[in-house]
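Step one of this worksheet: look at the structure below.
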Amino acid sequence: MEYFLNFLNRRPCCPYCQGQQTIKNGSTHNKKQKFKCKQCGKQFVEHSTKKKISQETKNLIDKLLLDKNSLAGIARSVGVFPTWLQNYVNNKYAQTPGKLNVSEKAKGKLIIECDELGYLERKKDNQQWVWLAIDRKTREIVGVYIGDRSRISAQKLWESLRPVYRQCAVCYTDFWVYYEKVIASKRHKPIGKESGKTSHIERFNNTLRQRVSRLVRRTLSLSKNLENHLGAIWYFIHHYNECRAG
């Protein structure tokens, strides 16, 4: 009888810090006893069958997020729970900077190309635009703004550029009216697509639309969470620039 009572009252060691000061702390959704460690404060389940995700798997997921894959498809392919994957993606996109880290450029002859990529944001059922600027020589994305197609958005794109571009660069754009209201006339070169002067930024628009499924027209991959939607775009642009630098 004494052995039986000791067995019922025993407390498992903490799997994180190996501490023995553990207490019962409720139960899981499937009625398994949860414990909490008084030393490190973490909760755990004894003999947990929860699968630990390896760093190799996380690295693979990071690569799959850079292609036109749905989260459900990634979860099936990699063998992780959709809920865990959604939380992982939420954290990754939340940590993705909403600002470019552009390499230093010396003052001199700089040429940039600007354009806007339109897409339909499903939740609000309105048109959104990704404003982009690319360095013609290095093919590096040097300016980004995501918003509507107004003069304010054109101004935000211009302000996202490093001062050296705003002071020295010749800027090729299409004939959208707000470019000429924001860019100084002596450095603004509005030109038709047939000239080929904006071919690099137009090609990147196609790449972005093909690699980020949220930008494909009439897609089911749009995020319900706007932060994740923006995070996916920024995540790919940072990757693109890293590849150019490498």
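Chain lettering (A, B, ...) mirrors the order of the structure tokens, residue numbering begins at 1 for each chain separately, and ligand numbering begins at 1 in order of display.
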Spatial neighbours of Ile23 in chain A, max dist 8 Å, only C-alpha atoms, sep filter under 3 positions, as number ranges by chain: A: 11, 35-38
Next, the residues of the selection above should be written as a PDB file, in the first residue's frame with N, CA, C and O atoms.
```
ATOM      1  N   ARG A  11       6.860  12.534  -8.709  1.00  0.00           N
ATOM      2  CA  ARG A  11       6.928  13.602  -9.707  1.00  0.00           C
ATOM      3  C   ARG A  11       8.104  13.323 -10.630  1.00  0.00           C
ATOM      4  O   ARG A  11       9.220  13.064 -10.163  1.00  0.00           O
ATOM      5  N   PHE A  35       2.975  18.631 -16.257  1.00  0.00           N
ATOM      6  CA  PHE A  35       3.780  18.995 -15.103  1.00  0.00           C
ATOM      7  C   PHE A  35       4.485  20.316 -15.393  1.00  0.00           C
ATOM      8  O   PHE A  35       4.707  20.688 -16.544  1.00  0.00           O
ATOM      9  N   LYS A  36       4.850  21.005 -14.293  1.00  0.00           N
ATOM     10  CA  LYS A  36       5.587  22.251 -14.418  1.00  0.00           C
ATOM     11  C   LYS A  36       6.788  22.199 -13.497  1.00  0.00           C
ATOM     12  O   LYS A  36       6.692  21.756 -12.350  1.00  0.00           O
ATOM     13  N   CYS A  37       7.931  22.642 -14.024  1.00  0.00           N
ATOM     14  CA  CYS A  37       9.170  22.641 -13.236  1.00  0.00           C
ATOM     15  C   CYS A  37       9.287  23.961 -12.481  1.00  0.00           C
ATOM     16  O   CYS A  37       9.178  25.040 -13.067  1.00  0.00           O
ATOM     17  N   LYS A  38       9.512  23.869 -11.171  1.00  0.00           N
ATOM     18  CA  LYS A  38       9.659  25.082 -10.356  1.00  0.00           C
ATOM     19  C   LYS A  38      10.988  25.779 -10.605  1.00  0.00           C
ATOM     20  O   LYS A  38      11.132  26.972 -10.324  1.00  0.00           O
TER      21      LYS A  38
END
```
List every residue of range 177-208 of chain A that has an atom at most 10 Å from any atom of range 156-164 of chain A, and for each one report the closest atom pair and its distance in Å to one decimal, counting only C-alpha atoms, with rows sorted by chain and then by increasing residue number, as JSON lines.
```
{"residue": "A:Tyr179", "atom": "CA", "partner": "A:Trp158", "partner_atom": "CA", "distance": 9.1}
{"residue": "A:Val182", "atom": "CA", "partner": "A:Trp158", "partner_atom": "CA", "distance": 7.4}
{"residue": "A:Ile183", "atom": "CA", "partner": "A:Trp158", "partner_atom": "CA", "distance": 7.6}
```
Residues just named, written with C-alpha atoms as a CSV table (one decimal), in the first residue's frame:
```
chain,number,residue,atom,x,y,z
A,179,TYR,CA,6.4,59.4,-60.6
A,182,VAL,CA,7.9,62.8,-56.8
A,183,ILE,CA,11.1,62.4,-58.8
```
Pull the strand (DSSP E or B) assignments for range 62-242 of chain A out of DSSP run on the backbone, and list those residues as an mmCIF file with all heavy atoms, in the first residue's frame.
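What ended up in selection.cif:
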```
data_model
loop_
_atom_site.group_PDB
_atom_site.id
_atom_site.type_symbol
_atom_site.label_atom_id
_atom_site.label_comp_id
_atom_site.auth_asym_id
_atom_site.auth_seq_id
_atom_site.Cartn_x
_atom_site.Cartn_y
_atom_site.Cartn_z
ATOM 1 N N ILE A 111 21.846 53.953 -62.208
ATOM 2 C CA ILE A 111 20.600 53.843 -62.963
ATOM 3 C C ILE A 111 19.673 52.890 -62.221
ATOM 4 O O ILE A 111 20.061 51.777 -61.868
ATOM 5 C CB ILE A 111 20.847 53.322 -64.391
ATOM 6 C CG1 ILE A 111 21.753 54.283 -65.164
ATOM 7 C CG2 ILE A 111 19.514 53.153 -65.129
ATOM 8 C CD1 ILE A 111 22.120 53.782 -66.554
ATOM 9 N N ILE A 112 18.454 53.336 -61.983
ATOM 10 C CA ILE A 112 17.464 52.473 -61.350
ATOM 11 C C ILE A 112 16.214 52.414 -62.230
ATOM 12 O O ILE A 112 15.962 53.322 -63.022
ATOM 13 C CB ILE A 112 17.094 52.946 -59.929
ATOM 14 C CG1 ILE A 112 16.494 54.344 -59.947
ATOM 15 C CG2 ILE A 112 18.292 52.868 -59.004
ATOM 16 C CD1 ILE A 112 15.996 54.822 -58.590
ATOM 17 N N GLU A 113 15.472 51.334 -62.075
ATOM 18 C CA GLU A 113 14.207 51.150 -62.770
ATOM 19 C C GLU A 113 13.113 50.962 -61.722
ATOM 20 O O GLU A 113 13.316 50.226 -60.757
ATOM 21 C CB GLU A 113 14.268 49.934 -63.700
ATOM 22 C CG GLU A 113 15.387 50.005 -64.732
ATOM 23 C CD GLU A 113 15.566 48.693 -65.475
ATOM 24 O OE1 GLU A 113 14.623 47.854 -65.434
ATOM 25 O OE2 GLU A 113 16.626 48.504 -66.089
ATOM 26 N N CYS A 114 11.988 51.608 -61.914
ATOM 27 C CA CYS A 114 10.875 51.521 -60.957
ATOM 28 C C CYS A 114 9.617 51.027 -61.651
ATOM 29 O O CYS A 114 9.372 51.334 -62.825
ATOM 30 C CB CYS A 114 10.596 52.894 -60.328
ATOM 31 S SG CYS A 114 11.970 53.580 -59.384
ATOM 32 N N ASP A 115 8.818 50.280 -60.906
ATOM 33 C CA ASP A 115 7.553 49.795 -61.438
ATOM 34 C C ASP A 115 6.665 49.372 -60.276
ATOM 35 O O ASP A 115 7.127 49.269 -59.133
ATOM 36 C CB ASP A 115 7.790 48.615 -62.387
ATOM 37 C CG ASP A 115 6.603 48.375 -63.313
ATOM 38 O OD1 ASP A 115 5.731 49.267 -63.403
ATOM 39 O OD2 ASP A 115 6.536 47.294 -63.934
ATOM 40 N N GLU A 116 5.380 49.111 -60.566
ATOM 41 C CA GLU A 116 4.430 48.671 -59.542
ATOM 42 C C GLU A 116 3.835 47.337 -59.967
ATOM 43 O O GLU A 116 3.531 47.130 -61.143
ATOM 44 C CB GLU A 116 3.284 49.672 -59.359
ATOM 45 C CG GLU A 116 3.644 51.122 -59.562
ATOM 46 C CD GLU A 116 3.491 51.513 -61.001
ATOM 47 O OE1 GLU A 116 2.374 51.425 -61.561
ATOM 48 O OE2 GLU A 116 4.515 51.887 -61.609
ATOM 49 N N LEU A 117 3.669 46.461 -58.990
ATOM 50 C CA LEU A 117 3.056 45.149 -59.213
ATOM 51 C C LEU A 117 1.733 45.111 -58.478
ATOM 52 O O LEU A 117 1.688 45.275 -57.252
ATOM 53 C CB LEU A 117 3.988 44.044 -58.696
ATOM 54 C CG LEU A 117 3.412 42.633 -58.594
ATOM 55 C CD1 LEU A 117 3.102 42.088 -59.979
ATOM 56 C CD2 LEU A 117 4.381 41.701 -57.883
ATOM 57 N N GLY A 118 0.636 44.917 -59.192
ATOM 58 C CA GLY A 118 -0.679 44.928 -58.581
ATOM 59 C C GLY A 118 -1.172 43.543 -58.243
ATOM 60 O O GLY A 118 -0.874 42.568 -58.930
ATOM 61 N N TYR A 119 -1.928 43.434 -57.161
ATOM 62 C CA TYR A 119 -2.555 42.175 -56.784
ATOM 63 C C TYR A 119 -3.806 42.481 -55.982
ATOM 64 O O TYR A 119 -3.968 43.570 -55.427
ATOM 65 C CB TYR A 119 -1.595 41.287 -55.972
ATOM 66 C CG TYR A 119 -1.231 41.834 -54.615
ATOM 67 C CD1 TYR A 119 -1.952 41.486 -53.485
ATOM 68 C CD2 TYR A 119 -0.155 42.706 -54.459
ATOM 69 C CE1 TYR A 119 -1.622 41.987 -52.237
ATOM 70 C CE2 TYR A 119 0.185 43.212 -53.222
ATOM 71 C CZ TYR A 119 -0.550 42.845 -52.110
ATOM 72 O OH TYR A 119 -0.232 43.350 -50.884
ATOM 73 N N LEU A 120 -4.692 41.503 -55.926
ATOM 74 C CA LEU A 120 -5.962 41.675 -55.216
ATOM 75 C C LEU A 120 -5.851 41.074 -53.831
ATOM 76 O O LEU A 120 -5.546 39.897 -53.680
ATOM 77 C CB LEU A 120 -7.099 40.989 -55.981
ATOM 78 C CG LEU A 120 -8.513 41.256 -55.463
ATOM 79 C CD1 LEU A 120 -8.861 42.735 -55.651
ATOM 80 C CD2 LEU A 120 -9.517 40.383 -56.206
ATOM 81 N N GLU A 121 -6.071 41.898 -52.800
ATOM 82 C CA GLU A 121 -6.027 41.423 -51.414
ATOM 83 C C GLU A 121 -7.408 40.920 -51.060
ATOM 84 O O GLU A 121 -8.366 41.678 -51.015
ATOM 85 C CB GLU A 121 -5.593 42.574 -50.501
ATOM 86 C CG GLU A 121 -4.987 42.136 -49.176
ATOM 87 C CD GLU A 121 -6.049 41.703 -48.194
ATOM 88 O OE1 GLU A 121 -6.922 42.515 -47.876
ATOM 89 O OE2 GLU A 121 -6.013 40.535 -47.759
ATOM 90 N N ASN A 126 -9.763 44.613 -52.209
ATOM 91 C CA ASN A 126 -9.293 45.827 -52.863
ATOM 92 C C ASN A 126 -7.910 45.599 -53.463
ATOM 93 O O ASN A 126 -7.204 44.682 -53.103
ATOM 94 C CB ASN A 126 -9.261 47.016 -51.892
ATOM 95 C CG ASN A 126 -8.236 46.815 -50.792
ATOM 96 O OD1 ASN A 126 -7.900 45.698 -50.442
ATOM 97 N ND2 ASN A 126 -7.752 47.909 -50.238
ATOM 98 N N GLN A 127 -7.557 46.458 -54.418
ATOM 99 C CA GLN A 127 -6.297 46.311 -55.131
ATOM 100 C C GLN A 127 -5.152 46.882 -54.299
ATOM 101 O O GLN A 127 -5.245 47.993 -53.772
ATOM 102 C CB GLN A 127 -6.375 47.038 -56.470
ATOM 103 C CG GLN A 127 -5.238 46.747 -57.420
ATOM 104 C CD GLN A 127 -5.419 45.440 -58.173
ATOM 105 O OE1 GLN A 127 -6.423 44.772 -57.988
ATOM 106 N NE2 GLN A 127 -4.457 45.079 -58.986
ATOM 107 N N GLN A 128 -4.073 46.103 -54.197
ATOM 108 C CA GLN A 128 -2.866 46.546 -53.509
ATOM 109 C C GLN A 128 -1.711 46.532 -54.505
ATOM 110 O O GLN A 128 -1.767 45.838 -55.524
ATOM 111 C CB GLN A 128 -2.543 45.625 -52.327
ATOM 112 C CG GLN A 128 -3.593 45.612 -51.231
ATOM 113 C CD GLN A 128 -3.638 46.925 -50.477
ATOM 114 O OE1 GLN A 128 -2.640 47.382 -49.931
ATOM 115 N NE2 GLN A 128 -4.811 47.543 -50.433
ATOM 116 N N TRP A 129 -0.658 47.275 -54.180
ATOM 117 C CA TRP A 129 0.462 47.411 -55.111
ATOM 118 C C TRP A 129 1.787 47.284 -54.374
ATOM 119 O O TRP A 129 1.956 47.819 -53.292
ATOM 120 C CB TRP A 129 0.393 48.767 -55.830
ATOM 121 C CG TRP A 129 -0.838 48.913 -56.654
ATOM 122 C CD1 TRP A 129 -2.068 49.318 -56.241
ATOM 123 C CD2 TRP A 129 -0.960 48.616 -58.048
ATOM 124 N NE1 TRP A 129 -2.964 49.297 -57.276
ATOM 125 C CE2 TRP A 129 -2.314 48.876 -58.403
ATOM 126 C CE3 TRP A 129 -0.075 48.174 -59.026
ATOM 127 C CZ2 TRP A 129 -2.783 48.695 -59.703
ATOM 128 C CZ3 TRP A 129 -0.549 47.992 -60.319
ATOM 129 C CH2 TRP A 129 -1.876 48.251 -60.650
ATOM 130 N N VAL A 130 2.709 46.553 -55.007
ATOM 131 C CA VAL A 130 4.088 46.477 -54.517
ATOM 132 C C VAL A 130 4.911 47.402 -55.403
ATOM 133 O O VAL A 130 5.104 47.134 -56.593
ATOM 134 C CB VAL A 130 4.643 45.039 -54.591
ATOM 135 C CG1 VAL A 130 6.050 44.988 -53.988
ATOM 136 C CG2 VAL A 130 3.724 44.061 -53.876
ATOM 137 N N TRP A 131 5.397 48.492 -54.836
ATOM 138 C CA TRP A 131 6.240 49.449 -55.560
ATOM 139 C C TRP A 131 7.699 49.020 -55.386
ATOM 140 O O TRP A 131 8.150 48.788 -54.260
ATOM 141 C CB TRP A 131 6.055 50.860 -55.011
ATOM 142 C CG TRP A 131 4.693 51.442 -55.206
ATOM 143 C CD1 TRP A 131 3.535 51.071 -54.585
ATOM 144 C CD2 TRP A 131 4.343 52.521 -56.082
ATOM 145 N NE1 TRP A 131 2.491 51.847 -55.008
ATOM 146 C CE2 TRP A 131 2.945 52.741 -55.924
ATOM 147 C CE3 TRP A 131 5.058 53.324 -56.966
ATOM 148 C CZ2 TRP A 131 2.278 53.731 -56.637
ATOM 149 C CZ3 TRP A 131 4.386 54.320 -57.663
ATOM 150 C CH2 TRP A 131 3.012 54.516 -57.502
ATOM 151 N N LEU A 132 8.431 48.946 -56.502
ATOM 152 C CA LEU A 132 9.783 48.399 -56.466
ATOM 153 C C LEU A 132 10.741 49.255 -57.270
ATOM 154 O O LEU A 132 10.367 49.875 -58.271
ATOM 155 C CB LEU A 132 9.802 46.974 -57.040
ATOM 156 C CG LEU A 132 8.992 45.919 -56.280
ATOM 157 C CD1 LEU A 132 8.672 44.750 -57.190
ATOM 158 C CD2 LEU A 132 9.756 45.452 -55.059
ATOM 159 N N ALA A 133 11.993 49.263 -56.821
ATOM 160 C CA ALA A 133 13.075 49.916 -57.557
ATOM 161 C C ALA A 133 14.255 48.965 -57.597
ATOM 162 O O ALA A 133 14.611 48.361 -56.579
ATOM 163 C CB ALA A 133 13.475 51.231 -56.892
ATOM 164 N N ILE A 134 14.877 48.816 -58.765
ATOM 165 C CA ILE A 134 15.999 47.897 -58.932
ATOM 166 C C ILE A 134 17.205 48.645 -59.496
ATOM 167 O O ILE A 134 17.054 49.567 -60.306
ATOM 168 C CB ILE A 134 15.604 46.737 -59.881
ATOM 169 C CG1 ILE A 134 16.620 45.604 -59.815
ATOM 170 C CG2 ILE A 134 15.406 47.220 -61.307
ATOM 171 C CD1 ILE A 134 16.180 44.348 -60.560
ATOM 172 N N ASP A 135 18.386 48.288 -59.012
ATOM 173 C CA ASP A 135 19.630 48.839 -59.538
ATOM 174 C C ASP A 135 19.958 48.085 -60.826
ATOM 175 O O ASP A 135 20.121 46.864 -60.810
ATOM 176 C CB ASP A 135 20.759 48.663 -58.519
ATOM 177 C CG ASP A 135 22.051 49.345 -58.951
ATOM 178 O OD1 ASP A 135 22.564 49.016 -60.033
ATOM 179 O OD2 ASP A 135 22.570 50.192 -58.194
ATOM 180 N N ILE A 141 17.424 44.785 -55.531
ATOM 181 C CA ILE A 141 16.238 45.580 -55.207
ATOM 182 C C ILE A 141 16.656 46.616 -54.174
ATOM 183 O O ILE A 141 17.116 46.279 -53.091
ATOM 184 C CB ILE A 141 15.113 44.693 -54.661
ATOM 185 C CG1 ILE A 141 14.708 43.637 -55.693
ATOM 186 C CG2 ILE A 141 13.904 45.548 -54.285
ATOM 187 C CD1 ILE A 141 14.220 44.206 -57.010
ATOM 188 N N VAL A 142 16.495 47.889 -54.507
ATOM 189 C CA VAL A 142 16.998 48.964 -53.646
ATOM 190 C C VAL A 142 15.883 49.803 -53.032
ATOM 191 O O VAL A 142 16.154 50.677 -52.202
ATOM 192 C CB VAL A 142 17.974 49.869 -54.433
ATOM 193 C CG1 VAL A 142 19.217 49.091 -54.821
ATOM 194 C CG2 VAL A 142 17.298 50.462 -55.684
ATOM 195 N N GLY A 143 14.642 49.565 -53.440
ATOM 196 C CA GLY A 143 13.524 50.304 -52.865
ATOM 197 C C GLY A 143 12.255 49.473 -52.906
ATOM 198 O O GLY A 143 11.994 48.808 -53.912
ATOM 199 N N VAL A 144 11.484 49.509 -51.822
ATOM 200 C CA VAL A 144 10.227 48.752 -51.742
ATOM 201 C C VAL A 144 9.214 49.544 -50.932
ATOM 202 O O VAL A 144 9.546 50.134 -49.900
ATOM 203 C CB VAL A 144 10.432 47.372 -51.054
ATOM 204 C CG1 VAL A 144 9.089 46.626 -50.982
ATOM 205 C CG2 VAL A 144 11.452 46.532 -51.772
ATOM 206 N N TYR A 145 7.977 49.531 -51.405
ATOM 207 C CA TYR A 145 6.863 50.009 -50.590
ATOM 208 C C TYR A 145 5.619 49.248 -51.021
ATOM 209 O O TYR A 145 5.398 49.024 -52.218
ATOM 210 C CB TYR A 145 6.626 51.514 -50.734
ATOM 211 C CG TYR A 145 5.490 51.995 -49.859
ATOM 212 C CD1 TYR A 145 5.653 52.082 -48.482
ATOM 213 C CD2 TYR A 145 4.236 52.294 -50.401
ATOM 214 C CE1 TYR A 145 4.608 52.480 -47.661
ATOM 215 C CE2 TYR A 145 3.189 52.694 -49.592
ATOM 216 C CZ TYR A 145 3.380 52.785 -48.219
ATOM 217 O OH TYR A 145 2.335 53.154 -47.409
ATOM 218 N N ILE A 146 4.786 48.852 -50.071
ATOM 219 C CA ILE A 146 3.562 48.110 -50.363
ATOM 220 C C ILE A 146 2.378 48.938 -49.882
ATOM 221 O O ILE A 146 2.284 49.282 -48.695
ATOM 222 C CB ILE A 146 3.567 46.738 -49.672
ATOM 223 C CG1 ILE A 146 4.809 45.953 -50.071
ATOM 224 C CG2 ILE A 146 2.309 45.954 -50.029
ATOM 225 C CD1 ILE A 146 4.993 44.653 -49.313
ATOM 226 N N GLY A 147 1.489 49.292 -50.802
ATOM 227 C CA GLY A 147 0.334 50.117 -50.452
ATOM 228 C C GLY A 147 -0.600 50.259 -51.631
ATOM 229 O O GLY A 147 -0.750 49.342 -52.438
ATOM 230 N N VAL A 170 19.733 58.121 -62.210
ATOM 231 C CA VAL A 170 18.751 58.341 -63.266
ATOM 232 C C VAL A 170 17.700 57.261 -63.107
ATOM 233 O O VAL A 170 18.009 56.075 -62.984
ATOM 234 C CB VAL A 170 19.399 58.251 -64.657
ATOM 235 C CG1 VAL A 170 18.340 58.342 -65.749
ATOM 236 C CG2 VAL A 170 20.443 59.347 -64.822
ATOM 237 N N CYS A 171 16.434 57.654 -63.108
ATOM 238 C CA CYS A 171 15.344 56.733 -62.778
ATOM 239 C C CYS A 171 14.422 56.546 -63.984
ATOM 240 O O CYS A 171 13.793 57.495 -64.447
ATOM 241 C CB CYS A 171 14.560 57.292 -61.594
ATOM 242 S SG CYS A 171 13.232 56.227 -61.042
ATOM 243 N N TYR A 172 14.366 55.327 -64.495
ATOM 244 C CA TYR A 172 13.470 54.988 -65.601
ATOM 245 C C TYR A 172 12.170 54.414 -65.039
ATOM 246 O O TYR A 172 12.190 53.508 -64.205
ATOM 247 C CB TYR A 172 14.116 53.965 -66.530
ATOM 248 C CG TYR A 172 15.234 54.535 -67.362
ATOM 249 C CD1 TYR A 172 16.557 54.481 -66.929
ATOM 250 C CD2 TYR A 172 14.972 55.141 -68.589
ATOM 251 C CE1 TYR A 172 17.589 55.019 -67.691
ATOM 252 C CE2 TYR A 172 15.996 55.679 -69.364
ATOM 253 C CZ TYR A 172 17.301 55.606 -68.904
ATOM 254 O OH TYR A 172 18.315 56.144 -69.667
ATOM 255 N N THR A 173 11.040 54.939 -65.491
ATOM 256 C CA THR A 173 9.722 54.472 -65.052
ATOM 257 C C THR A 173 8.788 54.405 -66.257
ATOM 258 O O THR A 173 9.143 54.831 -67.364
ATOM 259 C CB THR A 173 9.105 55.418 -64.001
ATOM 260 O OG1 THR A 173 8.668 56.613 -64.652
ATOM 261 C CG2 THR A 173 10.106 55.764 -62.910
ATOM 262 N N HIS A 188 14.447 62.059 -63.929
ATOM 263 C CA HIS A 188 13.341 61.146 -64.220
ATOM 264 C C HIS A 188 13.218 60.937 -65.720
ATOM 265 O O HIS A 188 13.133 61.891 -66.490
ATOM 266 C CB HIS A 188 12.036 61.727 -63.660
ATOM 267 C CG HIS A 188 10.866 60.839 -63.895
ATOM 268 N ND1 HIS A 188 9.598 61.333 -64.134
ATOM 269 C CD2 HIS A 188 10.745 59.477 -63.936
ATOM 270 C CE1 HIS A 188 8.761 60.323 -64.298
ATOM 271 N NE2 HIS A 188 9.438 59.190 -64.185
ATOM 272 N N LYS A 189 13.191 59.655 -66.138
ATOM 273 C CA LYS A 189 13.087 59.308 -67.548
ATOM 274 C C LYS A 189 11.872 58.396 -67.773
ATOM 275 O O LYS A 189 11.991 57.173 -67.796
ATOM 276 C CB LYS A 189 14.358 58.589 -68.023
ATOM 277 C CG LYS A 189 15.650 59.351 -67.786
ATOM 278 C CD LYS A 189 15.741 60.589 -68.647
ATOM 279 C CE LYS A 189 17.075 61.303 -68.436
ATOM 280 N NZ LYS A 189 17.165 62.552 -69.225
ATOM 281 N N PRO A 190 10.671 58.969 -67.934
ATOM 282 C CA PRO A 190 9.510 58.121 -68.243
ATOM 283 C C PRO A 190 9.628 57.570 -69.657
ATOM 284 O O PRO A 190 10.006 58.295 -70.587
ATOM 285 C CB PRO A 190 8.329 59.088 -68.112
ATOM 286 C CG PRO A 190 8.919 60.440 -68.344
ATOM 287 C CD PRO A 190 10.321 60.395 -67.839
#
```
Shell around Pro97 in chain A at 9 Å using only C-alpha atoms, local window under 6 positions removed, as a ChimeraX atom specification: /A:231,234-235,238
Could those selected residues go to a file with C-alpha atoms, as an mmCIF file, in the first residue's frame?
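Written file, part-v6.cif:
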```cif
data_model
loop_
_atom_site.group_PDB
_atom_site.id
_atom_site.type_symbol
_atom_site.label_atom_id
_atom_site.label_comp_id
_atom_site.auth_asym_id
_atom_site.auth_seq_id
_atom_site.Cartn_x
_atom_site.Cartn_y
_atom_site.Cartn_z
ATOM 1 C CA GLY A 231 6.081 39.083 -44.445
ATOM 2 C CA TRP A 234 9.616 40.785 -47.714
ATOM 3 C CA TYR A 235 11.010 37.295 -47.018
ATOM 4 C CA HIS A 238 15.538 39.653 -48.779
#
```
Expected answer as a VMD selection string: helix (DSSP H, G or I) residues in range 46-129 of chain A: chain A and resid 55 to 64 71 to 78 82 to 95
Top pick for closest residue to Lys31 in chain A, considering A:Ile152, A:Ile53, A:Leu230, A:Val45 and counting only C-alpha atoms: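 So, comparing all the options, the nearest one is A:Val45.
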Interatomic distance, CA of Lys109 in chain A to CA of Glu194 in chain A (Å, one decimal): 23.6 Å
Residue nearest Asp174 in chain A among A:Ser70, A:Thr138, A:Ser199, A:Gln55 (counting only C-alpha atoms): A:Ser199
Range 87-89 of chain A surroundings by only C-alpha atoms, 9 Å radius, close-in-sequence under 6 positions cut, as a list in words: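 In the requested format, the answer is Lys58, Asp62, Leu65, Leu71 and Asn228 of chain A.
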Selected residues written out with all heavy atoms, as a PDB file, in the first residue's frame:
```
ATOM      1  N   LYS A  58      13.658  22.342 -40.432  1.00  0.00           N
ATOM      2  CA  LYS A  58      13.342  23.769 -40.444  1.00  0.00           C
ATOM      3  C   LYS A  58      14.036  24.465 -41.619  1.00  0.00           C
ATOM      4  O   LYS A  58      13.447  25.347 -42.256  1.00  0.00           O
ATOM      5  CB  LYS A  58      13.772  24.407 -39.126  1.00  0.00           C
ATOM      6  CG  LYS A  58      12.951  23.938 -37.920  1.00  0.00           C
ATOM      7  CD  LYS A  58      13.438  24.590 -36.637  1.00  0.00           C
ATOM      8  CE  LYS A  58      12.632  24.099 -35.429  1.00  0.00           C
ATOM      9  NZ  LYS A  58      13.107  24.700 -34.164  1.00  0.00           N
ATOM     10  N   ASP A  62      12.256  26.521 -44.660  1.00  0.00           N
ATOM     11  CA  ASP A  62      12.656  27.870 -45.060  1.00  0.00           C
ATOM     12  C   ASP A  62      12.827  27.974 -46.572  1.00  0.00           C
ATOM     13  O   ASP A  62      12.463  28.986 -47.186  1.00  0.00           O
ATOM     14  CB  ASP A  62      13.958  28.262 -44.366  1.00  0.00           C
ATOM     15  CG  ASP A  62      13.794  28.429 -42.863  1.00  0.00           C
ATOM     16  OD1 ASP A  62      12.634  28.484 -42.400  1.00  0.00           O
ATOM     17  OD2 ASP A  62      14.814  28.474 -42.148  1.00  0.00           O
ATOM     18  N   LEU A  65       9.391  27.789 -48.405  1.00  0.00           N
ATOM     19  CA  LEU A  65       8.622  29.028 -48.296  1.00  0.00           C
ATOM     20  C   LEU A  65       8.994  30.028 -49.386  1.00  0.00           C
ATOM     21  O   LEU A  65       8.276  31.002 -49.614  1.00  0.00           O
ATOM     22  CB  LEU A  65       8.841  29.667 -46.924  1.00  0.00           C
ATOM     23  CG  LEU A  65       8.214  28.951 -45.731  1.00  0.00           C
ATOM     24  CD1 LEU A  65       8.649  29.601 -44.430  1.00  0.00           C
ATOM     25  CD2 LEU A  65       6.692  28.942 -45.840  1.00  0.00           C
ATOM     26  N   LEU A  71       0.987  26.219 -47.394  1.00  0.00           N
ATOM     27  CA  LEU A  71       1.404  25.689 -46.095  1.00  0.00           C
ATOM     28  C   LEU A  71       0.910  24.260 -45.913  1.00  0.00           C
ATOM     29  O   LEU A  71       1.611  23.425 -45.332  1.00  0.00           O
ATOM     30  CB  LEU A  71       0.889  26.582 -44.971  1.00  0.00           C
ATOM     31  CG  LEU A  71       1.481  27.993 -44.897  1.00  0.00           C
ATOM     32  CD1 LEU A  71       1.016  28.690 -43.618  1.00  0.00           C
ATOM     33  CD2 LEU A  71       2.989  27.973 -44.963  1.00  0.00           C
ATOM     34  N   ASN A 228       1.351  38.416 -42.209  1.00  0.00           N
ATOM     35  CA  ASN A 228       1.960  37.279 -42.898  1.00  0.00           C
ATOM     36  C   ASN A 228       2.040  37.514 -44.396  1.00  0.00           C
ATOM     37  O   ASN A 228       3.001  37.105 -45.062  1.00  0.00           O
ATOM     38  CB  ASN A 228       1.166  36.000 -42.620  1.00  0.00           C
ATOM     39  CG  ASN A 228       1.454  35.418 -41.255  1.00  0.00           C
ATOM     40  OD1 ASN A 228       2.241  35.975 -40.488  1.00  0.00           O
ATOM     41  ND2 ASN A 228       0.810  34.318 -40.937  1.00  0.00           N
TER      42      ASN A 228
END
```
Distance of CA of Phe44 in chain A from CA of Asn25 in chain A, expressed in Å to one decimal place: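 Value for the CA of Asn25 in chain A-CA of Phe44 in chain A distance: 9.1 Å.
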Proximity to Ala106 in chain A - best of A:Ala72, A:Leu85, A:Leu66, A:Ala169, only C-alpha atoms: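 When distances to Ala106 in chain A are compared using only C-alpha atoms, the smallest one comes from A:Ala169.
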d(CA of Asn241 in chain A, CA of Glu140 in chain A) in Å: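 CA of Glu140 in chain A lies 5.6 Å from CA of Asn241 in chain A.
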